[in-house]
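Everything below belongs to input.cif, which stores mmCIF, C-alpha atoms and all ligand atoms.
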```cif
data_query
loop_
_atom_site.group_PDB
_atom_site.id
_atom_site.type_symbol
_atom_site.label_atom_id
_atom_site.label_comp_id
_atom_site.auth_asym_id
_atom_site.auth_seq_id
_atom_site.Cartn_x
_atom_site.Cartn_y
_atom_site.Cartn_z
ATOM 1 C CA MET A 1 92.964 120.567 52.165
ATOM 2 C CA GLU A 2 90.231 118.285 53.480
ATOM 3 C CA ARG A 3 86.649 119.175 52.546
ATOM 4 C CA ILE A 4 83.885 118.544 55.072
ATOM 5 C CA VAL A 5 80.115 118.463 54.616
ATOM 6 C CA ILE A 6 77.818 118.507 57.640
ATOM 7 C CA LEU A 7 74.118 117.600 57.481
ATOM 8 C CA THR A 8 71.963 118.633 60.422
ATOM 9 C CA GLY A 9 68.402 117.718 61.378
ATOM 10 C CA ALA A 10 65.908 118.607 64.067
ATOM 11 C CA GLY A 11 67.879 116.766 66.788
ATOM 12 C CA ILE A 12 70.540 119.488 66.896
ATOM 13 C CA SER A 13 67.948 122.089 67.933
ATOM 14 C CA ARG A 14 66.164 119.833 70.453
ATOM 15 C CA GLU A 15 68.206 121.007 73.435
ATOM 16 C CA SER A 16 67.507 124.607 72.448
ATOM 17 C CA GLY A 17 63.856 123.800 73.103
ATOM 18 C CA LEU A 18 62.518 123.080 69.593
ATOM 19 C CA ALA A 19 60.656 119.810 69.072
ATOM 20 C CA THR A 20 61.882 117.198 66.621
ATOM 21 C CA PHE A 21 59.325 115.706 64.208
ATOM 22 C CA ARG A 22 59.239 111.953 64.766
ATOM 23 C CA ASP A 23 60.275 111.475 68.394
ATOM 24 C CA GLU A 24 57.690 110.980 71.135
ATOM 25 C CA ALA A 25 56.146 114.454 71.713
ATOM 26 C CA GLY A 26 57.510 115.472 68.315
ATOM 27 C CA VAL A 27 55.674 117.786 65.924
ATOM 28 C CA TRP A 28 53.836 114.918 64.195
ATOM 29 C CA SER A 29 52.380 113.765 67.512
ATOM 30 C CA ARG A 30 50.264 116.956 67.706
ATOM 31 C CA VAL A 31 49.503 117.830 64.052
ATOM 32 C CA ARG A 32 48.976 115.735 60.929
ATOM 33 C CA LEU A 33 51.784 116.278 58.428
ATOM 34 C CA GLU A 34 49.235 115.922 55.583
ATOM 35 C CA ASP A 35 47.435 119.004 56.958
ATOM 36 C CA VAL A 36 50.370 121.372 57.489
ATOM 37 C CA CYS A 37 53.274 120.071 55.440
ATOM 38 C CA THR A 38 51.908 119.406 51.953
ATOM 39 C CA PRO A 39 50.771 121.711 49.115
ATOM 40 C CA GLU A 40 47.397 119.914 49.273
ATOM 41 C CA GLY A 41 47.005 120.740 52.981
ATOM 42 C CA PHE A 42 47.775 124.405 52.250
ATOM 43 C CA ALA A 43 45.220 124.474 49.416
ATOM 44 C CA ARG A 44 42.568 122.895 51.694
ATOM 45 C CA ASN A 45 43.103 125.024 54.786
ATOM 46 C CA PRO A 46 45.687 127.831 54.476
ATOM 47 C CA ASP A 47 44.609 129.366 57.804
ATOM 48 C CA GLN A 48 45.622 126.175 59.634
ATOM 49 C CA VAL A 49 49.012 126.197 57.887
ATOM 50 C CA ASP A 50 49.519 129.909 58.684
ATOM 51 C CA ALA A 51 48.699 129.232 62.344
ATOM 52 C CA PHE A 52 51.166 126.300 62.487
ATOM 53 C CA TYR A 53 54.050 128.374 61.120
ATOM 54 C CA ASN A 54 53.062 131.536 63.074
ATOM 55 C CA HIS A 55 53.308 129.475 66.263
ATOM 56 C CA ARG A 56 56.747 128.124 65.298
ATOM 57 C CA ARG A 57 57.939 131.628 64.284
ATOM 58 C CA GLN A 58 56.924 132.925 67.735
ATOM 59 C CA GLU A 59 58.581 129.939 69.439
ATOM 60 C CA LEU A 60 61.856 130.747 67.646
ATOM 61 C CA GLN A 61 62.016 134.135 69.398
ATOM 62 C CA HIS A 62 62.302 132.395 72.758
ATOM 63 C CA VAL A 63 65.101 129.923 72.012
ATOM 64 C CA ALA A 64 68.853 130.292 71.529
ATOM 65 C CA PRO A 65 71.626 128.306 69.853
ATOM 66 C CA ASN A 66 73.164 125.561 71.986
ATOM 67 C CA ALA A 67 76.688 124.153 72.385
ATOM 68 C CA ALA A 68 76.293 121.942 69.295
ATOM 69 C CA HIS A 69 75.414 124.886 67.019
ATOM 70 C CA ARG A 70 78.343 126.840 68.480
ATOM 71 C CA ALA A 71 80.771 123.950 67.993
ATOM 72 C CA LEU A 72 79.880 123.800 64.269
ATOM 73 C CA ALA A 73 80.438 127.559 63.929
ATOM 74 C CA GLU A 74 83.883 127.085 65.487
ATOM 75 C CA LEU A 75 84.599 124.197 63.128
ATOM 76 C CA GLU A 76 83.728 126.398 60.145
ATOM 77 C CA GLN A 77 86.128 129.075 61.383
ATOM 78 C CA ALA A 78 88.910 126.505 61.573
ATOM 79 C CA TYR A 79 88.200 125.405 57.980
ATOM 80 C CA GLY A 80 87.381 128.881 56.647
ATOM 81 C CA ALA A 81 90.904 130.058 57.214
ATOM 82 C CA ASN A 82 91.989 127.707 54.427
ATOM 83 C CA GLU A 83 89.610 127.469 51.495
ATOM 84 C CA ASP A 84 86.214 128.934 50.671
ATOM 85 C CA ASP A 85 84.485 125.671 49.763
ATOM 86 C CA ALA A 86 86.226 123.507 52.366
ATOM 87 C CA PHE A 87 83.215 123.589 54.702
ATOM 88 C CA LEU A 88 79.494 123.300 53.935
ATOM 89 C CA LEU A 89 76.734 123.040 56.492
ATOM 90 C CA ILE A 90 73.540 121.628 54.975
ATOM 91 C CA THR A 91 70.615 121.922 57.318
ATOM 92 C CA GLN A 92 67.165 120.404 56.985
ATOM 93 C CA ASN A 93 66.051 122.774 59.741
ATOM 94 C CA ILE A 94 64.084 125.924 59.011
ATOM 95 C CA ASP A 95 65.187 127.654 62.239
ATOM 96 C CA ASP A 96 68.013 130.228 62.215
ATOM 97 C CA LEU A 97 70.019 128.812 65.124
ATOM 98 C CA HIS A 98 73.096 127.953 63.027
ATOM 99 C CA GLU A 99 73.329 131.539 61.768
ATOM 100 C CA ARG A 100 72.765 132.939 65.273
ATOM 101 C CA ALA A 101 75.608 130.701 66.531
ATOM 102 C CA GLY A 102 77.948 132.264 63.932
ATOM 103 C CA SER A 103 77.845 129.801 60.999
ATOM 104 C CA HIS A 104 78.069 131.425 57.545
ATOM 105 C CA ASN A 105 78.313 128.732 54.888
ATOM 106 C CA VAL A 106 74.837 127.294 55.581
ATOM 107 C CA VAL A 107 72.252 126.060 53.081
ATOM 108 C CA HIS A 108 68.666 125.504 54.218
ATOM 109 C CA MET A 109 67.489 122.697 51.961
ATOM 110 C CA HIS A 110 63.954 122.739 53.468
ATOM 111 C CA GLY A 111 63.656 126.535 53.486
ATOM 112 C CA GLU A 112 63.568 129.145 56.222
ATOM 113 C CA LEU A 113 60.931 129.918 58.839
ATOM 114 C CA LEU A 114 61.785 133.638 58.882
ATOM 115 C CA GLN A 115 61.093 134.019 55.178
ATOM 116 C CA LEU A 116 57.831 134.067 53.190
ATOM 117 C CA ARG A 117 57.373 133.425 49.480
ATOM 118 C CA CYS A 118 55.009 135.441 47.296
ATOM 119 C CA LEU A 119 53.045 133.198 44.963
ATOM 120 C CA SER A 120 52.413 136.199 42.712
ATOM 121 C CA CYS A 121 55.887 137.744 42.136
ATOM 122 C CA GLY A 122 58.232 135.146 43.690
ATOM 123 C CA ALA A 123 59.766 137.575 46.224
ATOM 124 C CA THR A 124 61.002 136.028 49.478
ATOM 125 C CA PRO A 125 60.680 138.744 52.136
ATOM 126 C CA THR A 126 62.231 138.251 55.568
ATOM 127 C CA TRP A 127 59.340 137.821 58.021
ATOM 128 C CA HIS A 128 59.413 137.804 61.825
ATOM 129 C CA GLN A 129 55.717 138.513 62.496
ATOM 130 C CA ASP A 130 52.580 136.451 61.989
ATOM 131 C CA CYS A 131 51.338 135.870 58.455
ATOM 132 C CA THR A 132 47.643 135.631 57.563
ATOM 133 C CA ARG A 133 45.751 135.385 54.270
ATOM 134 C CA ALA A 134 45.365 139.192 54.444
ATOM 135 C CA THR A 135 49.128 139.853 54.698
ATOM 136 C CA ALA A 136 50.340 141.752 51.628
ATOM 137 C CA CYS A 137 53.643 141.103 49.892
ATOM 138 C CA PRO A 138 55.908 144.151 50.503
ATOM 139 C CA GLU A 139 57.253 143.935 46.927
ATOM 140 C CA CYS A 140 54.047 143.690 44.845
ATOM 141 C CA GLY A 141 51.143 144.143 47.258
ATOM 142 C CA ALA A 142 49.545 140.771 46.440
ATOM 143 C CA GLN A 143 47.881 138.865 49.271
ATOM 144 C CA ALA A 144 49.498 135.614 48.167
ATOM 145 C CA LEU A 145 52.165 134.746 50.716
ATOM 146 C CA ARG A 146 53.125 131.267 51.925
ATOM 147 C CA PRO A 147 55.878 130.033 54.232
ATOM 148 C CA ASP A 148 59.155 129.702 52.295
ATOM 149 C CA VAL A 149 59.576 126.078 53.321
ATOM 150 C CA VAL A 150 59.711 122.776 51.441
ATOM 151 C CA TRP A 151 56.686 120.528 51.892
ATOM 152 C CA PHE A 152 56.344 116.863 50.951
ATOM 153 C CA GLY A 153 56.231 116.481 47.197
ATOM 154 C CA GLU A 154 58.161 119.709 46.612
ATOM 155 C CA MET A 155 61.741 119.965 45.406
ATOM 156 C CA PRO A 156 64.281 120.723 48.170
ATOM 157 C CA LEU A 157 66.435 123.821 47.643
ATOM 158 C CA HIS A 158 70.096 124.250 46.586
ATOM 159 C CA MET A 159 70.282 120.632 45.380
ATOM 160 C CA GLU A 160 72.917 121.270 42.688
ATOM 161 C CA GLY A 161 75.405 122.812 45.134
ATOM 162 C CA ILE A 162 74.617 120.137 47.719
ATOM 163 C CA MET A 163 75.215 117.237 45.328
ATOM 164 C CA ASP A 164 78.446 118.824 44.122
ATOM 165 C CA ALA A 165 79.733 119.362 47.676
ATOM 166 C CA ILE A 166 78.908 115.772 48.682
ATOM 167 C CA ALA A 167 80.597 114.397 45.558
ATOM 168 C CA ARG A 168 83.794 116.298 46.409
ATOM 169 C CA CYS A 169 83.915 115.940 50.198
ATOM 170 C CA ASP A 170 86.426 113.920 52.197
ATOM 171 C CA CYS A 171 84.313 113.780 55.331
ATOM 172 C CA PHE A 172 80.497 113.679 55.700
ATOM 173 C CA VAL A 173 78.888 114.116 59.113
ATOM 174 C CA ALA A 174 75.161 113.619 59.788
ATOM 175 C CA ILE A 175 73.887 115.145 63.036
ATOM 176 C CA GLY A 176 70.481 114.821 64.720
ATOM 177 C CA THR A 177 68.498 113.419 61.808
ATOM 178 C CA SER A 178 66.414 110.255 61.660
ATOM 179 C CA ALA A 179 67.342 109.800 57.960
ATOM 180 C CA THR A 180 63.753 109.094 56.975
ATOM 181 C CA VAL A 181 63.081 112.002 54.614
ATOM 182 C CA TYR A 182 64.563 111.964 51.116
ATOM 183 C CA PRO A 183 66.626 113.229 49.417
ATOM 184 C CA ALA A 184 68.618 114.052 52.614
ATOM 185 C CA ALA A 185 68.193 110.456 53.832
ATOM 186 C CA GLY A 186 70.188 109.311 50.791
ATOM 187 C CA PHE A 187 73.185 111.621 51.244
ATOM 188 C CA THR A 188 75.201 109.084 53.245
ATOM 189 C CA GLU A 189 74.997 106.552 50.391
ATOM 190 C CA LEU A 190 76.291 109.239 48.035
ATOM 191 C CA ALA A 191 79.286 109.974 50.280
ATOM 192 C CA THR A 192 80.155 106.534 51.501
ATOM 193 C CA ASN A 193 82.423 105.373 48.667
ATOM 194 C CA HIS A 194 84.827 108.307 48.735
ATOM 195 C CA ALA A 195 84.435 110.032 52.114
ATOM 196 C CA HIS A 196 84.808 109.196 55.790
ATOM 197 C CA THR A 197 81.249 109.160 57.152
ATOM 198 C CA VAL A 198 80.197 109.983 60.704
ATOM 199 C CA GLU A 199 76.852 109.834 62.512
ATOM 200 C CA LEU A 200 76.284 111.941 65.647
ATOM 201 C CA ASN A 201 72.801 111.340 67.024
ATOM 202 C CA LEU A 202 70.863 110.583 70.170
ATOM 203 C CA ALA A 203 70.352 107.010 68.961
ATOM 204 C CA PRO A 204 71.258 105.073 65.790
ATOM 205 C CA SER A 205 69.286 106.315 62.764
ATOM 206 C CA GLY A 206 67.842 104.109 60.041
ATOM 207 C CA LYS A 207 71.113 104.512 58.131
ATOM 208 C CA ALA A 208 73.403 103.792 61.091
ATOM 209 C CA GLY A 209 74.948 100.726 59.446
ATOM 210 C CA LEU A 210 76.414 102.843 56.641
ATOM 211 C CA PHE A 211 78.666 105.072 58.737
ATOM 212 C CA ASP A 212 82.405 104.568 59.325
ATOM 213 C CA GLU A 213 82.213 106.213 62.748
ATOM 214 C CA ALA A 214 79.436 107.083 65.169
ATOM 215 C CA ALA A 215 78.832 108.640 68.569
ATOM 216 C CA TYR A 216 75.472 108.532 70.318
ATOM 217 C CA GLY A 217 74.172 110.956 72.928
ATOM 218 C CA PRO A 218 72.700 114.455 73.150
ATOM 219 C CA ALA A 219 74.018 116.803 70.459
ATOM 220 C CA THR A 220 75.349 119.255 73.061
ATOM 221 C CA SER A 221 77.740 116.497 74.242
ATOM 222 C CA VAL A 222 78.649 114.547 71.118
ATOM 223 C CA VAL A 223 79.072 117.452 68.691
ATOM 224 C CA PRO A 224 81.533 119.554 70.753
ATOM 225 C CA ARG A 225 83.452 116.341 71.551
ATOM 226 C CA PHE A 226 83.681 115.475 67.827
ATOM 227 C CA VAL A 227 84.780 118.990 66.875
ATOM 228 C CA LYS A 228 87.647 119.149 69.440
HETATM 229 C C1 LIG B 301 68.700 114.082 68.861
HETATM 230 C C2 LIG B 301 68.342 114.739 70.012
HETATM 231 C C3 LIG B 301 69.361 115.374 70.707
HETATM 232 C C4 LIG B 301 66.560 113.898 69.228
HETATM 233 N N1 LIG B 301 70.608 115.314 70.238
HETATM 234 N N2 LIG B 301 69.946 114.039 68.424
HETATM 235 C C5 LIG B 301 59.067 106.797 49.188
HETATM 236 C C6 LIG B 301 60.425 106.509 49.135
HETATM 237 C C7 LIG B 301 61.381 107.510 49.047
HETATM 238 C C8 LIG B 301 61.000 108.844 49.015
HETATM 239 C C9 LIG B 301 59.660 109.131 49.059
HETATM 240 C C10 LIG B 301 58.707 108.125 49.140
HETATM 241 N N3 LIG B 301 57.476 108.702 49.187
HETATM 242 C C11 LIG B 301 57.635 110.046 49.133
HETATM 243 C C12 LIG B 301 58.965 110.321 49.055
HETATM 244 C C13 LIG B 301 59.593 111.665 48.999
HETATM 245 C C14 LIG B 301 59.477 112.405 50.325
HETATM 246 C C15 LIG B 301 59.974 111.495 51.439
HETATM 247 O O1 LIG B 301 61.151 111.376 51.716
HETATM 248 N N4 LIG B 301 59.077 110.867 52.181
HETATM 249 C C16 LIG B 301 59.496 109.943 53.248
HETATM 250 C C17 LIG B 301 58.732 110.239 54.505
HETATM 251 C C18 LIG B 301 59.343 108.525 52.732
HETATM 252 N N5 LIG B 301 60.337 113.559 50.214
HETATM 253 C C19 LIG B 301 59.925 114.690 49.651
HETATM 254 O O2 LIG B 301 58.772 114.836 49.255
HETATM 255 C C20 LIG B 301 60.949 115.786 49.471
HETATM 256 N N6 LIG B 301 60.983 116.188 48.115
HETATM 257 C C21 LIG B 301 61.382 115.353 47.132
HETATM 258 O O3 LIG B 301 61.711 114.201 47.328
HETATM 259 O O4 LIG B 301 61.403 115.950 45.896
HETATM 260 C C22 LIG B 301 61.755 115.132 44.751
HETATM 261 C C23 LIG B 301 63.225 114.980 44.543
HETATM 262 C C24 LIG B 301 63.671 113.984 43.700
HETATM 263 C C25 LIG B 301 65.014 113.804 43.476
HETATM 264 C C26 LIG B 301 65.945 114.649 44.058
HETATM 265 C C27 LIG B 301 65.512 115.643 44.867
HETATM 266 C C28 LIG B 301 64.161 115.795 45.109
HETATM 267 C C29 LIG B 301 60.597 116.996 50.314
HETATM 268 C C30 LIG B 301 60.709 116.722 51.781
HETATM 269 C C31 LIG B 301 60.279 117.930 52.591
HETATM 270 C C32 LIG B 301 60.401 117.693 54.079
HETATM 271 N N7 LIG B 301 59.871 118.800 54.777
HETATM 272 C C33 LIG B 301 59.922 118.824 56.226
HETATM 273 C C34 LIG B 301 59.205 120.092 56.726
HETATM 274 C C35 LIG B 301 60.023 121.349 56.436
HETATM 275 C C36 LIG B 301 59.333 122.572 56.909
HETATM 276 C C37 LIG B 301 59.008 122.519 58.397
HETATM 277 O O5 LIG B 301 59.903 122.379 59.246
HETATM 278 O O6 LIG B 301 57.806 122.634 58.728
HETATM 279 O O7 LIG B 301 61.268 118.828 56.682
HETATM 280 S S1 LIG B 301 59.243 117.349 56.979
HETATM 281 C C38 LIG B 301 60.395 117.281 58.306
HETATM 282 O O8 LIG B 301 61.236 116.109 58.196
HETATM 283 C C39 LIG B 301 61.328 118.488 58.085
HETATM 284 C C40 LIG B 301 62.656 117.908 58.442
HETATM 285 O O9 LIG B 301 63.688 118.704 57.896
HETATM 286 C C41 LIG B 301 62.571 116.517 57.880
HETATM 287 C C42 LIG B 301 63.579 115.552 58.468
HETATM 288 O O10 LIG B 301 63.372 115.372 59.819
HETATM 289 P P1 LIG B 301 64.621 115.217 60.820
HETATM 290 O O11 LIG B 301 65.356 116.500 60.892
HETATM 291 O O12 LIG B 301 65.387 114.008 60.483
HETATM 292 O O13 LIG B 301 63.844 115.072 62.218
HETATM 293 P P2 LIG B 301 63.276 113.704 62.928
HETATM 294 O O14 LIG B 301 62.315 114.144 63.956
HETATM 295 O O15 LIG B 301 62.810 112.750 61.930
HETATM 296 O O16 LIG B 301 64.569 113.077 63.611
HETATM 297 C C43 LIG B 301 65.212 113.720 64.688
HETATM 298 C C44 LIG B 301 66.456 112.913 65.052
HETATM 299 O O17 LIG B 301 67.142 113.620 66.074
HETATM 300 C C45 LIG B 301 66.154 111.510 65.599
HETATM 301 O O18 LIG B 301 67.042 110.574 64.985
HETATM 302 C C46 LIG B 301 66.464 111.621 67.092
HETATM 303 O O19 LIG B 301 66.999 110.430 67.653
HETATM 304 C C47 LIG B 301 67.487 112.710 67.108
HETATM 305 N N8 LIG B 301 67.524 113.492 68.348
HETATM 306 N N9 LIG B 301 66.957 114.544 70.212
HETATM 307 C C48 LIG B 301 70.838 114.595 69.081
HETATM 308 N N10 LIG B 301 69.102 116.019 71.878
#
```
Hey, can you dump this file as structure tokens for me?
Amino acid sequence: MERIVILTGAGISRESGLATFRDEAGVWSRVRLEDVCTPEGFARNPDQVDAFYNHRRQELQHVAPNAAHRALAELEQAYGANEDDAFLLITQNIDDLHERAGSHNVVHMHGELLQLRCLSCGATPTWHQDCTRATACPECGAQALRPDVVWFGEMPLHMEGIMDAIARCDCFVAIGTSATVYPAAGFTELATNHAHTVELNLAPSGKAGLFDEAAYGPATSVVPRFVK
């Protein structure tokens, strides 16, 4: 049975209404990543970081999965009927649109927007509301919560399972990512010697030359077409 690994980035959620990071009008055009996406920025001004993620948490309530998310959920169903580890969806996105579209075997390597992490007891409560410095951890009562996301300089999550899945896959598909942020930007190199590699993106990424196959256009067009 063929094993497939999919890597998604912000581009897959663009047509749902969520901004990408590095495109014109992307997230980094309105805030400095050093301020909101590093442990140092959080230490300097946690209120600014809370406000940034509170805004994105609210935004998530008003968007829905699109045809590309749904196509990947259908692809998983087709694979799932065969073997448990035949399909893995690695997402760099912290939104929950893959899950809402019906995907199950999803790993969020950069964390999850709807989860907080307690710096006192390590609990990761599900969180749909705003978070402030006064918000108490439901498990231990400490006022020491941060977004459960991966900032620059921090170790991405689930790396062991991810590396294992890439090493064993027959097909690797990167969707809607600029391939500028490591370690995800290096996954194609890891797959390229043993797997068929595919890029589906609005425009060629920085790693475009490495792929065996590519299709360029909006995710809601190219992903369903690839899946059929
Ligand atoms: C469409 C579309 C449509 C648009 N349809 N497509 C020097 C060299 C190498 C590495 C480093 C270095 N200096 C520092 C590093 C390490 C650093 C890094 O990579 N920096 C680079 C910038 C150089 N990385 C880290 O620090 C990571 N940790 C780490 O490396 O730990 C050590 C380690 C060692 C060994 C093994 C493992 C680990 C942590 C990185 C954390 C990234 N965090 C963020 C924020 C998450 C929380 C949040 O969302 O707020 O993750 S940053 C941001 O970038 C977010 C994204 O997941 C990530 C990637 O962005 P993505 O998804 O690619 O979005 P864009 O905007 O860049 O691209 C969108 C694409 O979509 C474009 O191509 C468009 O064309 C396309 N598109 N519309 C289809 N409609």
Selection result of the PyMOL selection byres (((chain A and resi 202) around 12) and not hetatm) on this file, as a PyMOL selection string: chain A and resi 9-12+14-15+20+23+174-178+199-201+203-205+208+214-223
Could the residues in this selection be written to a file with C-alpha atoms, as a PDB file, keeping the file's coordinate frame?
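Final output, saved to again.pdb:
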```pdb
ATOM      1  CA  GLY A   9      68.402 117.718  61.378  1.00  0.00           C
ATOM      2  CA  ALA A  10      65.908 118.607  64.067  1.00  0.00           C
ATOM      3  CA  GLY A  11      67.879 116.766  66.788  1.00  0.00           C
ATOM      4  CA  ILE A  12      70.540 119.488  66.896  1.00  0.00           C
ATOM      5  CA  ARG A  14      66.164 119.833  70.453  1.00  0.00           C
ATOM      6  CA  GLU A  15      68.206 121.007  73.435  1.00  0.00           C
ATOM      7  CA  THR A  20      61.882 117.198  66.621  1.00  0.00           C
ATOM      8  CA  ASP A  23      60.275 111.475  68.394  1.00  0.00           C
ATOM      9  CA  ALA A 174      75.161 113.619  59.788  1.00  0.00           C
ATOM     10  CA  ILE A 175      73.887 115.145  63.036  1.00  0.00           C
ATOM     11  CA  GLY A 176      70.481 114.821  64.720  1.00  0.00           C
ATOM     12  CA  THR A 177      68.498 113.419  61.808  1.00  0.00           C
ATOM     13  CA  SER A 178      66.414 110.255  61.660  1.00  0.00           C
ATOM     14  CA  GLU A 199      76.852 109.834  62.512  1.00  0.00           C
ATOM     15  CA  LEU A 200      76.284 111.941  65.647  1.00  0.00           C
ATOM     16  CA  ASN A 201      72.801 111.340  67.024  1.00  0.00           C
ATOM     17  CA  ALA A 203      70.352 107.010  68.961  1.00  0.00           C
ATOM     18  CA  PRO A 204      71.258 105.073  65.790  1.00  0.00           C
ATOM     19  CA  SER A 205      69.286 106.315  62.764  1.00  0.00           C
ATOM     20  CA  ALA A 208      73.403 103.792  61.091  1.00  0.00           C
ATOM     21  CA  ALA A 214      79.436 107.083  65.169  1.00  0.00           C
ATOM     22  CA  ALA A 215      78.832 108.640  68.569  1.00  0.00           C
ATOM     23  CA  TYR A 216      75.472 108.532  70.318  1.00  0.00           C
ATOM     24  CA  GLY A 217      74.172 110.956  72.928  1.00  0.00           C
ATOM     25  CA  PRO A 218      72.700 114.455  73.150  1.00  0.00           C
ATOM     26  CA  ALA A 219      74.018 116.803  70.459  1.00  0.00           C
ATOM     27  CA  THR A 220      75.349 119.255  73.061  1.00  0.00           C
ATOM     28  CA  SER A 221      77.740 116.497  74.242  1.00  0.00           C
ATOM     29  CA  VAL A 222      78.649 114.547  71.118  1.00  0.00           C
ATOM     30  CA  VAL A 223      79.072 117.452  68.691  1.00  0.00           C
TER      31      VAL A 223
END
```
Selection result of the PyMOL selection byres (((chain A and resi 123-139) around 9) and not hetatm) on this file, as a ChimeraX atom specification: /A:46-47,50-51,53-55,57-58,61,113-122,140-148
Nearest residue to ligand LIG 301 (chain B) from the set A:Glu213, A:Glu34, A:Asp170, A:Asp85 (distances using only C-alpha atoms and all ligand atoms): A:Glu34
Closest of A:Pro224, A:Gly17, A:Pro183, A:Gly41 to ligand LIG 301 (chain B) - atom-to-atom distances counting all atoms listed in the file: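 Smallest separation from ligand LIG 301 (chain B) among the options: A:Pro183.
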Pairwise distance for atom N1 of ligand LIG 301 (chain B) and atom CA of A:Lys228, rounded to one decimal in Å: 17.5 Å
Would you compute, for all listed atoms of ligand LIG 301 (chain B), the axis-aligned bounding box grown by 8 Å on each side, and then report its centre and edge lengths in Å rounded to one decimal, as lines of an AutoDock Vina configuration file?
```
center_x = 64.2
center_y = 114.6
center_z = 57.7
size_x = 29.4
size_y = 32.1
size_z = 44.4
```
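Counting from atom CA of A:Ala185, the distance to atom CA of A:Phe172 is 12.9 Å.
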Of the listed residues A:Glu74, A:Glu99, A:Glu154, A:Asp212, that which approaches ligand LIG 301 (chain B) most closely, counting only C-alpha atoms and all ligand atoms: A:Glu154
Nearest to A:Ala165 by atom-to-atom distance, counting only C-alpha atoms, from A:Phe152, A:Phe211, A:Phe187, A:Phe21: A:Phe187
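Residue nearest ligand LIG 301 (chain B), chosen from A:Val198, A:Leu210, A:Ala73, A:Val49 and counting all atoms listed in the file: A:Val49.
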Proximity to A:Pro39 - best of A:Val5, A:Val150, A:Met109, A:Leu75, only C-alpha atoms: A:Val150
Near-A:Leu88 list (8 Å; all atoms listed in the file; drop same-chain fewer than 5 positions) as a PyMOL selection string: chain A and resi 4-6+105-107+165
Resolved residues for the PyMOL selection byres (((chain A and resi 97) around 7) and not hetatm) as number ranges by chain: A: 64-65, 69, 95-96, 98-101
Point-to-point distance in Å for atom CA of A:Arg44 and atom O3 of ligand LIG 301 (chain B):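 Atom O3 of ligand LIG 301 (chain B) sits 21.5 Å away from atom CA of A:Arg44.
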Neighbour residues at most 7 Å from (82.4, 111.6, 53.4) (all atoms listed in the file) as a PyMOL selection string: chain A and resi 169-172+191-192+194-197
